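See below for the structure under consideration.
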Amino acid sequence: MRSPSELEGIAREVRLDIFRMFRKSGTGHLAPALSCADIFTTLYFFPIINWDIRFSEKRDRVILSKGHACSALYAVLARAEYFPREDLLTFYQKNSLLGGHPNVNLRGIETATGALGHGICFATGTAMAAKLGGDSFRTYAVIGDGECEEGSVWEAAMFAANQKLDNLVVVVDNNTLQASDRVNDIAPLGELEKKWESFGWHVLRTDGHDFNRLCAAFAEAKETIEVPTVIIADTVKGKGLGIAEDNKEWHSRAPKGDEWQTVLKDYGIDIKDLETI
């Protein structure tokens with residue numbers, strides 16, 4: 001298992017790969033990916049998943065329900081050797097498997113997502129299948145806080161609790177922003193912890209950028225029996241890019257022109273470092 005400092009180093013490299021993807025593509029959903037990069041880094045590199053069987057039928061399932069944030073998952077999957085890192089530079093390009101939303105033909109992607117609320121439903125299905133089949137694999141689903149406005153999220157939550165799916169862990173990327181504004185200014189979710197508790201879930205809340213706390217939350221989830229677990233991870237949208245952090249204007253855009261100088265300054269790199277892998 002890796003230490004928090006090692007995970008921080010990996011997460012930095014993951015973010016640089018995300019910037020490389022956007023430097024090439026010039027488009028996509030950058031800020032939503034940056035907010036969940038640490039969550040995926042923890043899942044794959046602490047690791048939380050069963051690393052040694054990650055390519056087998058008995059693998060743990062990881063599902064990105066907020067599919068527009070796929071560049072974070074792509075960057076982590078490439079570093080976890082699901083496909084060559086060089087392929088990241090095909091992001092959003094014609095005929096690439098690394099599209100703007102996950103493609104099931106790409107190794108490591110369990111299901112296509114994009115329509116919000118669907119990924120968590122698929123995740124309850126894989127968790128239920130494991131129970132019925134007597135399999136030990138676990139399912140992890142990463143959803144957005146804005147996504148929690150979808151009714152299907154709560155249908156899945158009710159079903160999972162009723163079926164006692166303790167092999168299911170949902171992580172809410174709670175960055176407080178959605179596509180066009182703050183969640184609280186569009187459809188306030190109220191007391192999110194109490195809401196999940198009322199549906200019968202074991203609820204944990206943590207700092208989604210603190211590796212010590214993330215690892216501890218996932219560890220507790222593994223020890224929880226007879227109920228599914230939700231980890232509400234408080235995050236910063238655009239984390240790692242100062243001009244994009246907690247900025248509603250950065251939901252679906254990439255740096256332009258001189259804005260790339262901010263990336264270079266923040267990470268102490270040269271522009272050439274972003275143009276090759």
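Residue numbering restarts at 1 in every chain; chains get A, B, ... in the order shown in the structure tokens, and ligands count up from 1 in that same order.
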
Report task. Extract, using only C-alpha atoms, all DNA, RNA and protein residues at most 12 Å from segment 176-179 of chain A, discarding same-chain residues fewer than 5 positions from it, and format them as a PyMOL selection string. Result -> chain A and resi 29-32+35+66+68-69+116+143-149+184-190+192+232-238+244-253

Hey, which bits of segment 78-183 of chain A sit within 6 Å of segment 46-62 of chain A, and for each residue what's the closest pair of atoms and how far apart in Å (one decimal), counting only C-alpha atoms, rows by chain and increasing number, as a Markdown table?
```
| residue | atom | partner | partner_atom | distance |
| --- | --- | --- | --- | --- |
| A:Phe137 | CA | A:Asp60 | CA | 4.8 |
| A:Arg138 | CA | A:Asp60 | CA | 4.9 |
| A:Thr139 | CA | A:Arg61 | CA | 4.6 |
| A:Tyr140 | CA | A:Val62 | CA | 4.8 |
| A:Ala141 | CA | A:Val62 | CA | 5.9 |
```

Requested in this report: Could you tell me how far atom CA of Asp166 of chain A lies from atom CA of Ala130 of chain A, in Å and to one decimal?
Outcome: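 Atom-to-atom, atom CA of Asp166 of chain A to atom CA of Ala130 of chain A, that is 10.8 Å.
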
Requested in this report: Please provide as a ChimeraX atom specification all residues within 9 Å of Gly100 of chain A, with the sequence filter that same-chain residues fewer than 3 positions apart are discarded (counting only C-alpha atoms).
Outcome: /A:27-29,67-71,91-92,103,114

Requested in this report: Mind listing the strand (DSSP E or B) residues of segment 50-179 of chain A, per DSSP on the backbone, as a count of residues only?
Outcome: 18

Report task. May I ask which of the residues A:Glu197, A:Asp266, A:Glu191, A:Glu150 is the closest one to Lys239 of chain A, counting only C-alpha atoms? Result ->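 Closest candidate: A:Asp266.
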
Query - Among the residues A:Arg79, A:Lys272, A:Arg182, A:Lys24, the one that comes closest to Thr41 of chain A [using only C-alpha atoms] - result: A:Arg79
